[in-house]
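work_32.pdb follows; it contains PDB, C-alpha atoms, pLDDT in the B column.
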ATOM      1  CA  ASP Z   1     -11.373 -16.144  -4.290  1.00 63.00           C
ATOM      2  CA  ALA Z   2      -8.164 -16.519  -2.302  1.00 81.00           C
ATOM      3  CA  GLY Z   3      -6.387 -13.257  -1.699  1.00 94.00           C
ATOM      4  CA  VAL Z   4      -2.700 -12.672  -1.126  1.00 96.00           C
ATOM      5  CA  ILE Z   5      -1.524 -15.082   1.547  1.00 97.00           C
ATOM      6  CA  GLN Z   6       1.345 -14.223   3.854  1.00 97.00           C
ATOM      7  CA  SER Z   7       3.019 -16.343   6.487  1.00 97.00           C
ATOM      8  CA  PRO Z   8       3.696 -16.260   9.288  1.00 97.00           C
ATOM      9  CA  ARG Z   9       1.229 -13.674  10.642  1.00 96.00           C
ATOM     10  CA  HIS Z  10       3.457 -13.000  13.621  1.00 97.00           C
ATOM     11  CA  GLU Z  11       7.150 -13.636  14.198  1.00 97.00           C
ATOM     12  CA  VAL Z  12       9.147 -12.955  17.327  1.00 97.00           C
ATOM     13  CA  THR Z  13      12.826 -13.755  17.317  1.00 96.00           C
ATOM     14  CA  GLU Z  14      16.108 -12.635  18.787  1.00 96.00           C
ATOM     15  CA  MET Z  15      18.491 -10.348  17.015  1.00 96.00           C
ATOM     16  CA  GLY Z  16      21.026 -12.100  14.845  1.00 96.00           C
ATOM     17  CA  GLN Z  17      18.597 -14.789  13.768  1.00 97.00           C
ATOM     18  CA  GLU Z  18      17.547 -15.342  10.166  1.00 97.00           C
ATOM     19  CA  VAL Z  19      13.959 -14.418   9.373  1.00 98.00           C
ATOM     20  CA  THR Z  20      12.070 -15.597   6.292  1.00 98.00           C
ATOM     21  CA  LEU Z  21       8.714 -14.109   5.327  1.00 98.00           C
ATOM     22  CA  ARG Z  22       6.582 -15.811   2.690  1.00 98.00           C
ATOM     23  CA  CYS Z  23       4.006 -14.637   0.211  1.00 98.00           C
ATOM     24  CA  LYS Z  24       1.649 -16.320  -2.209  1.00 98.00           C
ATOM     25  CA  PRO Z  25       0.220 -13.800  -4.684  1.00 97.00           C
ATOM     26  CA  ILE Z  26      -3.199 -13.984  -6.273  1.00 96.00           C
ATOM     27  CA  SER Z  27      -3.225 -16.475  -9.120  1.00 95.00           C
ATOM     28  CA  GLY Z  28      -2.840 -14.718 -12.459  1.00 92.00           C
ATOM     29  CA  HIS Z  29      -1.181 -11.603 -11.058  1.00 93.00           C
ATOM     30  CA  ASN Z  30       2.253 -10.951 -12.515  1.00 92.00           C
ATOM     31  CA  SER Z  31       3.490  -8.129 -10.283  1.00 91.00           C
ATOM     32  CA  LEU Z  32       4.471  -8.627  -6.662  1.00 93.00           C
ATOM     33  CA  PHE Z  33       5.437  -5.990  -4.106  1.00 93.00           C
ATOM     34  CA  TRP Z  34       7.043  -6.144  -0.655  1.00 96.00           C
ATOM     35  CA  TYR Z  35       6.375  -3.259   1.752  1.00 94.00           C
ATOM     36  CA  ARG Z  36       7.438  -2.421   5.291  1.00 95.00           C
ATOM     37  CA  GLN Z  37       5.277  -0.325   7.603  1.00 94.00           C
ATOM     38  CA  THR Z  38       6.364   1.425  10.787  1.00 93.00           C
ATOM     39  CA  MET Z  39       4.953   4.324  12.766  1.00 89.00           C
ATOM     40  CA  MET Z  40       8.032   6.399  12.041  1.00 88.00           C
ATOM     41  CA  ARG Z  41       8.343   5.856   8.288  1.00 87.00           C
ATOM     42  CA  GLY Z  42       4.879   4.818   7.181  1.00 88.00           C
ATOM     43  CA  LEU Z  43       4.441   2.357   4.325  1.00 89.00           C
ATOM     44  CA  GLU Z  44       7.670   1.915   2.346  1.00 90.00           C
ATOM     45  CA  LEU Z  45       8.144  -0.087  -0.833  1.00 90.00           C
ATOM     46  CA  LEU Z  46      11.097  -2.441  -0.459  1.00 94.00           C
ATOM     47  CA  ILE Z  47      11.152  -4.262  -3.785  1.00 93.00           C
ATOM     48  CA  TYR Z  48       8.863  -5.228  -6.594  1.00 89.00           C
ATOM     49  CA  PHE Z  49       8.874  -8.016  -9.153  1.00 92.00           C
ATOM     50  CA  ASN Z  50       7.311  -8.159 -12.587  1.00 90.00           C
ATOM     51  CA  ASN Z  51       6.978 -11.618 -14.159  1.00 92.00           C
ATOM     52  CA  ASN Z  52       9.198 -12.997 -11.377  1.00 93.00           C
ATOM     53  CA  VAL Z  53      12.027 -10.575 -12.197  1.00 93.00           C
ATOM     54  CA  PRO Z  54      13.076  -7.915  -9.655  1.00 92.00           C
ATOM     55  CA  ILE Z  55      12.388  -4.539 -11.268  1.00 87.00           C
ATOM     56  CA  ASP Z  56      13.340  -2.149  -8.501  1.00 84.00           C
ATOM     57  CA  ASP Z  57      15.004  -2.975  -5.193  1.00 88.00           C
ATOM     58  CA  SER Z  58      16.117   0.529  -4.306  1.00 86.00           C
ATOM     59  CA  GLY Z  59      13.944   0.421  -1.208  1.00 88.00           C
ATOM     60  CA  MET Z  60      15.747  -2.551   0.306  1.00 92.00           C
ATOM     61  CA  PRO Z  61      17.439  -1.086   3.397  1.00 87.00           C
ATOM     62  CA  GLU Z  62      20.740  -2.922   3.183  1.00 86.00           C
ATOM     63  CA  ASP Z  63      22.451  -6.148   2.242  1.00 91.00           C
ATOM     64  CA  ARG Z  64      20.896  -7.965   5.179  1.00 95.00           C
ATOM     65  CA  PHE Z  65      17.639  -7.946   3.211  1.00 97.00           C
ATOM     66  CA  SER Z  66      17.080 -10.166   0.197  1.00 97.00           C
ATOM     67  CA  ALA Z  67      14.002 -11.177  -1.775  1.00 97.00           C
ATOM     68  CA  LYS Z  68      13.360 -13.938  -4.254  1.00 96.00           C
ATOM     69  CA  MET Z  69      10.543 -14.987  -6.508  1.00 97.00           C
ATOM     70  CA  PRO Z  70      11.369 -18.472  -7.831  1.00 96.00           C
ATOM     71  CA  ASN Z  71       8.010 -18.826  -9.566  1.00 95.00           C
ATOM     72  CA  ALA Z  72       4.781 -16.949 -10.203  1.00 94.00           C
ATOM     73  CA  SER Z  73       3.102 -18.281  -7.073  1.00 95.00           C
ATOM     74  CA  PHE Z  74       5.679 -17.735  -4.357  1.00 96.00           C
ATOM     75  CA  SER Z  75       8.034 -15.110  -3.001  1.00 98.00           C
ATOM     76  CA  THR Z  76      10.232 -14.773   0.075  1.00 98.00           C
ATOM     77  CA  LEU Z  77      11.747 -11.849   1.921  1.00 98.00           C
ATOM     78  CA  LYS Z  78      14.718 -12.799   4.053  1.00 98.00           C
ATOM     79  CA  ILE Z  79      16.534 -10.831   6.733  1.00 97.00           C
ATOM     80  CA  GLN Z  80      19.900 -12.164   7.862  1.00 96.00           C
ATOM     81  CA  PRO Z  81      21.045 -11.252  10.433  1.00 96.00           C
ATOM     82  CA  SER Z  82      18.003  -9.558  11.918  1.00 96.00           C
ATOM     83  CA  GLU Z  83      18.245  -6.452  14.115  1.00 96.00           C
ATOM     84  CA  PRO Z  84      15.739  -4.798  16.495  1.00 96.00           C
ATOM     85  CA  ARG Z  85      15.277  -1.892  14.030  1.00 95.00           C
ATOM     86  CA  ASP Z  86      13.844  -4.371  11.529  1.00 96.00           C
ATOM     87  CA  SER Z  87      10.761  -4.733  13.730  1.00 97.00           C
ATOM     88  CA  ALA Z  88       7.770  -3.709  11.611  1.00 97.00           C
ATOM     89  CA  VAL Z  89       4.775  -5.046   9.744  1.00 97.00           C
ATOM     90  CA  TYR Z  90       5.761  -6.450   6.358  1.00 98.00           C
ATOM     91  CA  PHE Z  91       3.149  -6.537   3.623  1.00 97.00           C
ATOM     92  CA  CYS Z  92       3.104  -8.352   0.345  1.00 96.00           C
ATOM     93  CA  ALA Z  93       0.861  -7.178  -2.498  1.00 94.00           C
ATOM     94  CA  SER Z  94       0.175  -8.388  -6.002  1.00 93.00           C
ATOM     95  CA  SER Z  95      -1.431  -6.964  -9.100  1.00 91.00           C
ATOM     96  CA  TRP Z  96      -1.857  -7.481 -12.794  1.00 87.00           C
ATOM     97  CA  SER Z  97       0.620  -5.123 -14.407  1.00 75.00           C
ATOM     98  CA  GLY Z  98      -1.286  -4.669 -17.632  1.00 56.00           C
ATOM     99  CA  GLY Z  99      -2.900  -1.258 -17.429  1.00 53.00           C
ATOM    100  CA  ASN Z 100      -3.742   0.479 -14.187  1.00 67.00           C
ATOM    101  CA  GLN Z 101      -4.701  -2.408 -11.997  1.00 78.00           C
ATOM    102  CA  PRO Z 102      -4.880  -1.891  -8.223  1.00 86.00           C
ATOM    103  CA  GLN Z 103      -2.699  -3.791  -5.789  1.00 89.00           C
ATOM    104  CA  HIS Z 104      -4.172  -6.447  -3.524  1.00 93.00           C
ATOM    105  CA  PHE Z 105      -2.503  -6.697  -0.141  1.00 94.00           C
ATOM    106  CA  GLY Z 106      -2.063  -9.581   2.254  1.00 95.00           C
ATOM    107  CA  ASP Z 107      -2.737  -9.230   5.977  1.00 94.00           C
ATOM    108  CA  GLY Z 108       0.937  -8.724   6.715  1.00 97.00           C
ATOM    109  CA  THR Z 109       3.549 -10.279   8.979  1.00 98.00           C
ATOM    110  CA  ARG Z 110       4.140  -8.525  12.275  1.00 97.00           C
ATOM    111  CA  LEU Z 111       7.843  -8.978  12.988  1.00 98.00           C
ATOM    112  CA  SER Z 112       9.416  -8.304  16.370  1.00 97.00           C
ATOM    113  CA  ILE Z 113      13.171  -8.596  16.789  1.00 97.00           C
ATOM    114  CA  LEU Z 114      14.214  -8.693  20.442  1.00 96.00           C
TER     115      LEU Z 114
ATOM    116  CA  LEU E   1       7.418  10.535 -10.137  1.00 52.00           C
ATOM    117  CA  ALA E   2       4.386  12.514  -9.008  1.00 59.00           C
ATOM    118  CA  LYS E   3       4.425  13.427  -5.329  1.00 79.00           C
ATOM    119  CA  THR E   4       1.189  13.660  -3.371  1.00 88.00           C
ATOM    120  CA  THR E   5       0.210  15.817  -0.408  1.00 91.00           C
ATOM    121  CA  GLN E   6      -2.724  15.001   1.869  1.00 94.00           C
ATOM    122  CA  PRO E   7      -3.869  16.220   5.289  1.00 96.00           C
ATOM    123  CA  ILE E   8      -2.378  14.170   8.084  1.00 94.00           C
ATOM    124  CA  SER E   9      -5.652  13.737   9.919  1.00 96.00           C
ATOM    125  CA  MET E  10      -9.361  14.543   9.799  1.00 97.00           C
ATOM    126  CA  ASP E  11     -12.257  14.167  12.194  1.00 97.00           C
ATOM    127  CA  SER E  12     -15.899  13.669  11.350  1.00 97.00           C
ATOM    128  CA  TYR E  13     -19.160  12.414  12.828  1.00 97.00           C
ATOM    129  CA  GLU E  14     -21.415   9.588  11.853  1.00 97.00           C
ATOM    130  CA  GLY E  15     -23.745  10.426   8.997  1.00 97.00           C
ATOM    131  CA  GLN E  16     -21.644  13.259   7.620  1.00 97.00           C
ATOM    132  CA  GLU E  17     -20.016  13.423   4.204  1.00 97.00           C
ATOM    133  CA  VAL E  18     -16.237  13.436   4.301  1.00 98.00           C
ATOM    134  CA  ASN E  19     -14.053  14.896   1.579  1.00 98.00           C
ATOM    135  CA  ILE E  20     -10.315  14.203   1.563  1.00 97.00           C
ATOM    136  CA  THR E  21      -8.274  16.195  -0.922  1.00 96.00           C
ATOM    137  CA  CYS E  22      -4.941  15.126  -2.367  1.00 95.00           C
ATOM    138  CA  SER E  23      -2.596  17.493  -4.201  1.00 93.00           C
ATOM    139  CA  HIS E  24      -0.455  16.164  -7.041  1.00 90.00           C
ATOM    140  CA  ASN E  25       0.846  19.207  -8.869  1.00 89.00           C
ATOM    141  CA  ASN E  26       3.297  17.389 -11.135  1.00 85.00           C
ATOM    142  CA  ILE E  27       0.989  14.613 -12.286  1.00 86.00           C
ATOM    143  CA  ALA E  28       1.977  13.262 -15.692  1.00 84.00           C
ATOM    144  CA  THR E  29      -0.311  12.937 -18.681  1.00 85.00           C
ATOM    145  CA  ASN E  30      -0.656   9.160 -18.391  1.00 81.00           C
ATOM    146  CA  ASP E  31      -0.910   9.000 -14.595  1.00 84.00           C
ATOM    147  CA  TYR E  32      -3.992   7.592 -12.899  1.00 88.00           C
ATOM    148  CA  ILE E  33      -5.116   8.494  -9.369  1.00 90.00           C
ATOM    149  CA  THR E  34      -5.797   5.655  -6.961  1.00 91.00           C
ATOM    150  CA  TRP E  35      -7.094   5.690  -3.389  1.00 94.00           C
ATOM    151  CA  TYR E  36      -6.599   2.995  -0.772  1.00 95.00           C
ATOM    152  CA  GLN E  37      -8.063   2.471   2.703  1.00 97.00           C
ATOM    153  CA  GLN E  38      -6.205   0.819   5.571  1.00 96.00           C
ATOM    154  CA  PHE E  39      -7.721  -0.435   8.819  1.00 95.00           C
ATOM    155  CA  PRO E  40      -5.524  -1.245  11.826  1.00 89.00           C
ATOM    156  CA  SER E  41      -3.775  -4.609  11.549  1.00 86.00           C
ATOM    157  CA  GLN E  42      -4.750  -5.003   7.903  1.00 92.00           C
ATOM    158  CA  GLY E  43      -3.153  -4.288   4.560  1.00 94.00           C
ATOM    159  CA  PRO E  44      -4.350  -1.363   2.432  1.00 94.00           C
ATOM    160  CA  ARG E  45      -7.451  -2.017   0.356  1.00 94.00           C
ATOM    161  CA  PHE E  46      -8.261  -0.489  -3.020  1.00 93.00           C
ATOM    162  CA  ILE E  47     -11.188   1.940  -2.899  1.00 95.00           C
ATOM    163  CA  ILE E  48     -11.404   3.786  -6.200  1.00 95.00           C
ATOM    164  CA  GLN E  49      -9.377   4.895  -9.201  1.00 92.00           C
ATOM    165  CA  GLY E  50      -9.836   7.592 -11.810  1.00 92.00           C
ATOM    166  CA  TYR E  51      -8.202   9.589 -14.576  1.00 91.00           C
ATOM    167  CA  LYS E  52     -10.405  12.653 -14.948  1.00 91.00           C
ATOM    168  CA  THR E  53     -13.816  14.116 -14.050  1.00 90.00           C
ATOM    169  CA  LYS E  54     -15.835  11.946 -11.666  1.00 95.00           C
ATOM    170  CA  VAL E  55     -15.840   8.290 -10.775  1.00 95.00           C
ATOM    171  CA  THR E  56     -18.359   6.691  -8.434  1.00 96.00           C
ATOM    172  CA  ASN E  57     -18.664   3.201  -7.017  1.00 95.00           C
ATOM    173  CA  GLU E  58     -20.552   1.601  -4.149  1.00 93.00           C
ATOM    174  CA  VAL E  59     -18.038   2.878  -1.604  1.00 92.00           C
ATOM    175  CA  ALA E  60     -16.971   6.372  -2.642  1.00 96.00           C
ATOM    176  CA  SER E  61     -16.757   9.043  -5.293  1.00 97.00           C
ATOM    177  CA  LEU E  62     -13.617  10.540  -6.767  1.00 97.00           C
ATOM    178  CA  PHE E  63     -13.638  14.064  -8.156  1.00 97.00           C
ATOM    179  CA  ILE E  64     -10.818  15.171 -10.431  1.00 97.00           C
ATOM    180  CA  PRO E  65     -10.754  18.733 -11.811  1.00 96.00           C
ATOM    181  CA  ALA E  66      -9.778  19.505 -15.387  1.00 95.00           C
ATOM    182  CA  ASP E  67      -6.151  20.355 -14.554  1.00 94.00           C
ATOM    183  CA  ARG E  68      -5.819  17.051 -12.603  1.00 94.00           C
ATOM    184  CA  LYS E  69      -3.469  18.680 -10.090  1.00 93.00           C
ATOM    185  CA  SER E  70      -5.644  17.512  -7.225  1.00 95.00           C
ATOM    186  CA  SER E  71      -8.326  14.978  -6.481  1.00 95.00           C
ATOM    187  CA  THR E  72     -10.980  14.610  -3.793  1.00 97.00           C
ATOM    188  CA  LEU E  73     -12.168  11.368  -2.282  1.00 97.00           C
ATOM    189  CA  SER E  74     -15.741  11.715  -1.067  1.00 98.00           C
ATOM    190  CA  LEU E  75     -17.223   9.299   1.461  1.00 97.00           C
ATOM    191  CA  PRO E  76     -21.001   9.749   1.795  1.00 94.00           C
ATOM    192  CA  ARG E  77     -22.601   9.417   5.222  1.00 93.00           C
ATOM    193  CA  VAL E  78     -19.641   7.948   7.078  1.00 97.00           C
ATOM    194  CA  SER E  79     -20.017   5.461   9.891  1.00 96.00           C
ATOM    195  CA  LEU E  80     -17.694   4.462  12.715  1.00 97.00           C
ATOM    196  CA  SER E  81     -16.370   1.651  10.519  1.00 95.00           C
ATOM    197  CA  ASP E  82     -14.951   4.202   8.069  1.00 96.00           C
ATOM    198  CA  THR E  83     -12.319   5.144  10.654  1.00 97.00           C
ATOM    199  CA  ALA E  84      -9.109   4.292   8.807  1.00 97.00           C
ATOM    200  CA  VAL E  85      -6.079   5.731   7.020  1.00 96.00           C
ATOM    201  CA  TYR E  86      -6.699   6.817   3.432  1.00 97.00           C
ATOM    202  CA  TYR E  87      -3.858   6.950   0.893  1.00 94.00           C
ATOM    203  CA  CYS E  88      -3.725   8.761  -2.420  1.00 93.00           C
ATOM    204  CA  LEU E  89      -1.370   7.393  -5.088  1.00 88.00           C
ATOM    205  CA  VAL E  90      -0.543   8.790  -8.493  1.00 85.00           C
ATOM    206  CA  GLY E  91       1.095   6.947 -11.359  1.00 75.00           C
ATOM    207  CA  LEU E  92       0.800   4.102 -13.798  1.00 61.00           C
ATOM    208  CA  SER E  93       0.649   0.608 -12.408  1.00 48.00           C
ATOM    209  CA  GLY E  94       3.068  -1.922 -13.812  1.00 46.00           C
ATOM    210  CA  GLY E  95       6.087  -1.223 -15.966  1.00 49.00           C
ATOM    211  CA  SER E  96       8.347   1.350 -14.352  1.00 54.00           C
ATOM    212  CA  TYR E  97       5.737   2.598 -11.913  1.00 61.00           C
ATOM    213  CA  ILE E  98       7.045   2.777  -8.362  1.00 68.00           C
ATOM    214  CA  PRO E  99       4.054   3.087  -5.998  1.00 72.00           C
ATOM    215  CA  THR E 100       4.611   5.592  -3.192  1.00 76.00           C
ATOM    216  CA  PHE E 101       2.022   5.548  -0.424  1.00 80.00           C
ATOM    217  CA  GLY E 102       3.168   8.462   1.726  1.00 78.00           C
ATOM    218  CA  ARG E 103       1.711   8.914   5.218  1.00 83.00           C
ATOM    219  CA  GLY E 104      -1.938   9.034   4.217  1.00 92.00           C
ATOM    220  CA  THR E 105      -4.837  10.773   5.991  1.00 96.00           C
ATOM    221  CA  SER E 106      -6.016   9.352   9.291  1.00 96.00           C
ATOM    222  CA  LEU E 107      -9.802   9.726   9.421  1.00 97.00           C
ATOM    223  CA  ILE E 108     -11.528   9.358  12.767  1.00 97.00           C
ATOM    224  CA  VAL E 109     -15.318   9.122  12.766  1.00 97.00           C
ATOM    225  CA  HIS E 110     -16.970   9.998  16.065  1.00 97.00           C
ATOM    226  CA  PRO E 111     -20.385   8.820  17.289  1.00 96.00           C
TER     227      PRO E 111
END
Spell out the structure here as C-alpha cells.
Amino acid sequence: DAGVIQSPRHEVTEMGQEVTLRCKPISGHNSLFWYRQTMMRGLELLIYFNNNVPIDDSGMPEDRFSAKMPNASFSTLKIQPSEPRDSAVYFCASSWSGGNQPQHFGDGTRLSIL
Amino acid sequence: LAKTTQPISMDSYEGQEVNITCSHNNIATNDYITWYQQFPSQGPRFIIQGYKTKVTNEVASLFIPADRKSSTLSLPRVSLSDTAVYYCLVGLSGGSYIPTFGRGTSLIVHP
C-alpha cells in the first residue's frame, strides 16, 4: 500500500523565495497534519485538517505560512517569503479520525533557506 | 490537553530489555496512550497504543497501571536497529485532539 507521499524530498532556495511543499495522504484517511521538526524545537504541529477543513492552525508560525487542502488527496504548505529560520524538516501525516487511529507519516521534506 | 514527561535519553546494550516510562498525570478519562518511533531522516512510525492494563504486539509491550498516570513502553531484547527517538502521546485522535509529540526519548543501543 502507498504511504503518505511528500514532495520534494529536499529543497534548497534563497531567502525571499516562495516555497511550496506537497503532500498526498493515504487514500481513505480524512485527517491530515503538517509538522515541522528542528533540533531546537523538536516536532511541532503546524496545522491539521479534518475532511479537508482546517481545524487548528494555531501552530502556524506567522502569516508567511499558509496551508491548503483542496481535496481529500492533496495538500500544500506554502512559505512566502521564506527566511533562513524556516529551515527544517517538514512532515505530513494522515490518519482516519474515527476513533483512536494512529498517524502515518511521510518521509518529510528537508528545507534549507540560504 | 494532557502533558507528557519522558526521559531525554537512555542507553542500552544489544539483547537487553528496555523500558521507557512516560508520565501523564492529567490524563483524561477518554484519552488513549500512543507510542511512536522515529529513525534519523524518517517520519515517526506508530509502535503501539493502549488504554489500560497491558497491550502487546510483535514489536513492543505497553504497560499501563490502574491510575493511568503513567505508561511504560517495553522493548524486548533490543538490537542496534532499535536506536531511535521514542515519543509518548496522550489524547483522542480526530475531533478536537491536538497531537503534541514533545521531545521524546533518544534511545541508543550499544554493541
Check every residue of chain Z for an atom within 9 Å of chain E, counting all atoms listed in the file, and provide those that qualify as a VMD selection string.
chain Z and resid 31 41 to 45 48 50 55 to 56 89 91 to 93 95 to 108 110
Quick one: 4 Å padding each side, axis-aligned, all listed atoms of segment 18-26 of chain E - centre and edge lengths in Å to one decimal, as AutoDock Vina command-line options?
--center_x -6.5 --center_y 16.3 --center_z -3.4 --size_x 27.5 --size_y 13.8 --size_z 23.4
If you apply the PyMOL selection byres ((chain E and resi 82) around 10) to this file, what residues do you get, as a ChimeraX atom specification?
/E:14,37-39,75,77-81,83-86,107-109
What is the atom CA of Gln16 of chain E to atom CA of Asp67 of chain E distance in Å?
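Taking atom CA of Gln16 of chain E and atom CA of Asp67 of chain E, their separation equals 28.0 Å.
What separates atom CA of Phe49 of chain Z from atom CA of Pro84 of chain Z is a distance of 26.7 Å.
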Just give me the gap between atom CA of Pro54 of chain Z and atom CA of Pro40 of chain E in Å, one decimal is fine.
29.2 Å
Please provide as a PDB file with C-alpha atoms, in the coordinates of the input all residues within 9 Å of segment 16-23 of chain Z, with the sequence filter that same-chain residues fewer than 3 positions apart are discarded (counting only C-alpha atoms).
ATOM      1  CA  VAL Z   4      -2.700 -12.672  -1.126  1.00 96.00           C
ATOM      2  CA  ILE Z   5      -1.524 -15.082   1.547  1.00 97.00           C
ATOM      3  CA  GLN Z   6       1.345 -14.223   3.854  1.00 97.00           C
ATOM      4  CA  SER Z   7       3.019 -16.343   6.487  1.00 97.00           C
ATOM      5  CA  PRO Z   8       3.696 -16.260   9.288  1.00 97.00           C
ATOM      6  CA  GLU Z  11       7.150 -13.636  14.198  1.00 97.00           C
ATOM      7  CA  THR Z  13      12.826 -13.755  17.317  1.00 96.00           C
ATOM      8  CA  SER Z  73       3.102 -18.281  -7.073  1.00 95.00           C
ATOM      9  CA  PHE Z  74       5.679 -17.735  -4.357  1.00 96.00           C
ATOM     10  CA  SER Z  75       8.034 -15.110  -3.001  1.00 98.00           C
ATOM     11  CA  THR Z  76      10.232 -14.773   0.075  1.00 98.00           C
ATOM     12  CA  LEU Z  77      11.747 -11.849   1.921  1.00 98.00           C
ATOM     13  CA  LYS Z  78      14.718 -12.799   4.053  1.00 98.00           C
ATOM     14  CA  ILE Z  79      16.534 -10.831   6.733  1.00 97.00           C
ATOM     15  CA  GLN Z  80      19.900 -12.164   7.862  1.00 96.00           C
ATOM     16  CA  PRO Z  81      21.045 -11.252  10.433  1.00 96.00           C
ATOM     17  CA  SER Z  82      18.003  -9.558  11.918  1.00 96.00           C
ATOM     18  CA  GLU Z  83      18.245  -6.452  14.115  1.00 96.00           C
ATOM     19  CA  TYR Z  90       5.761  -6.450   6.358  1.00 98.00           C
ATOM     20  CA  PHE Z  91       3.149  -6.537   3.623  1.00 97.00           C
ATOM     21  CA  CYS Z  92       3.104  -8.352   0.345  1.00 96.00           C
ATOM     22  CA  ALA Z  93       0.861  -7.178  -2.498  1.00 94.00           C
ATOM     23  CA  GLY Z 106      -2.063  -9.581   2.254  1.00 95.00           C
ATOM     24  CA  THR Z 109       3.549 -10.279   8.979  1.00 98.00           C
ATOM     25  CA  LEU Z 111       7.843  -8.978  12.988  1.00 98.00           C
ATOM     26  CA  ILE Z 113      13.171  -8.596  16.789  1.00 97.00           C
TER      27      ILE Z 113
END
For a quick check of your reading of the model, name the residues lying within 6 Å of the coordinate (-9.2, 12.6, -9.0), counting all atoms listed in the file, and write them as a ChimeraX atom specification.
/E:33,50,62-64,71-72
Can you list what the PyMOL selection byres ((chain E and resi 3) around 9) grabs from this structure, as a list in words?
Leu1, Ala2, Thr4, Thr5, Ser23, His24, Asn25, Asn26, Ile27, Leu89, Val90, Thr100 and Gly102 of chain E
Given the file shown, enumerate the residues that the PyMOL selection byres ((chain E and resi 59) around 10) captures and present them as a ChimeraX atom specification.
/E:47-48,56-58,60-61,74-76
Kindly complete segment 36-49 of chain Z to N, CA, C and O atoms; the output should be written as a compact mmCIF listing (two decimals), in the coordinates of the input.
# COMPACT_ATOMS: atom_id res chain seq x y z
N ARG Z 36 7.20 -2.43 3.85
CA ARG Z 36 7.44 -2.42 5.29
C ARG Z 36 6.70 -1.21 5.87
O ARG Z 36 6.77 -0.11 5.32
N GLN Z 37 6.02 -1.42 6.98
CA GLN Z 37 5.28 -0.32 7.60
C GLN Z 37 5.68 -0.16 9.06
O GLN Z 37 5.64 -1.10 9.84
N THR Z 38 6.07 1.07 9.41
CA THR Z 38 6.36 1.42 10.79
C THR Z 38 5.69 2.76 11.10
O THR Z 38 5.31 3.51 10.19
N MET Z 39 5.55 3.04 12.38
CA MET Z 39 4.95 4.32 12.77
C MET Z 39 5.82 5.48 12.29
O MET Z 39 5.31 6.52 11.87
N MET Z 40 7.13 5.30 12.37
CA MET Z 40 8.03 6.40 12.04
C MET Z 40 8.07 6.71 10.55
O MET Z 40 8.10 7.87 10.14
N ARG Z 41 8.08 5.67 9.71
CA ARG Z 41 8.34 5.86 8.29
C ARG Z 41 7.15 5.56 7.40
O ARG Z 41 7.23 5.75 6.18
N GLY Z 42 6.06 5.11 7.99
CA GLY Z 42 4.88 4.82 7.18
C GLY Z 42 5.07 3.56 6.35
O GLY Z 42 5.80 2.65 6.73
N LEU Z 43 4.42 3.53 5.20
CA LEU Z 43 4.44 2.36 4.32
C LEU Z 43 5.49 2.56 3.24
O LEU Z 43 5.35 3.43 2.38
N GLU Z 44 6.55 1.76 3.27
CA GLU Z 44 7.67 1.92 2.35
C GLU Z 44 7.73 0.72 1.41
O GLU Z 44 7.66 -0.43 1.86
N LEU Z 45 7.94 0.99 0.13
CA LEU Z 45 8.14 -0.09 -0.83
C LEU Z 45 9.59 -0.57 -0.73
O LEU Z 45 10.52 0.22 -0.80
N LEU Z 46 9.76 -1.87 -0.56
CA LEU Z 46 11.10 -2.44 -0.46
C LEU Z 46 11.59 -2.91 -1.83
O LEU Z 46 12.70 -2.60 -2.24
N ILE Z 47 10.76 -3.68 -2.51
CA ILE Z 47 11.15 -4.26 -3.78
C ILE Z 47 9.90 -4.66 -4.53
O ILE Z 47 8.87 -4.95 -3.92
N TYR Z 48 9.97 -4.63 -5.87
CA TYR Z 48 8.86 -5.23 -6.59
C TYR Z 48 9.34 -6.02 -7.80
O TYR Z 48 10.37 -5.72 -8.38
N PHE Z 49 8.59 -7.07 -8.08
CA PHE Z 49 8.87 -8.02 -9.15
C PHE Z 49 7.81 -7.88 -10.24
O PHE Z 49 6.64 -7.65 -9.96
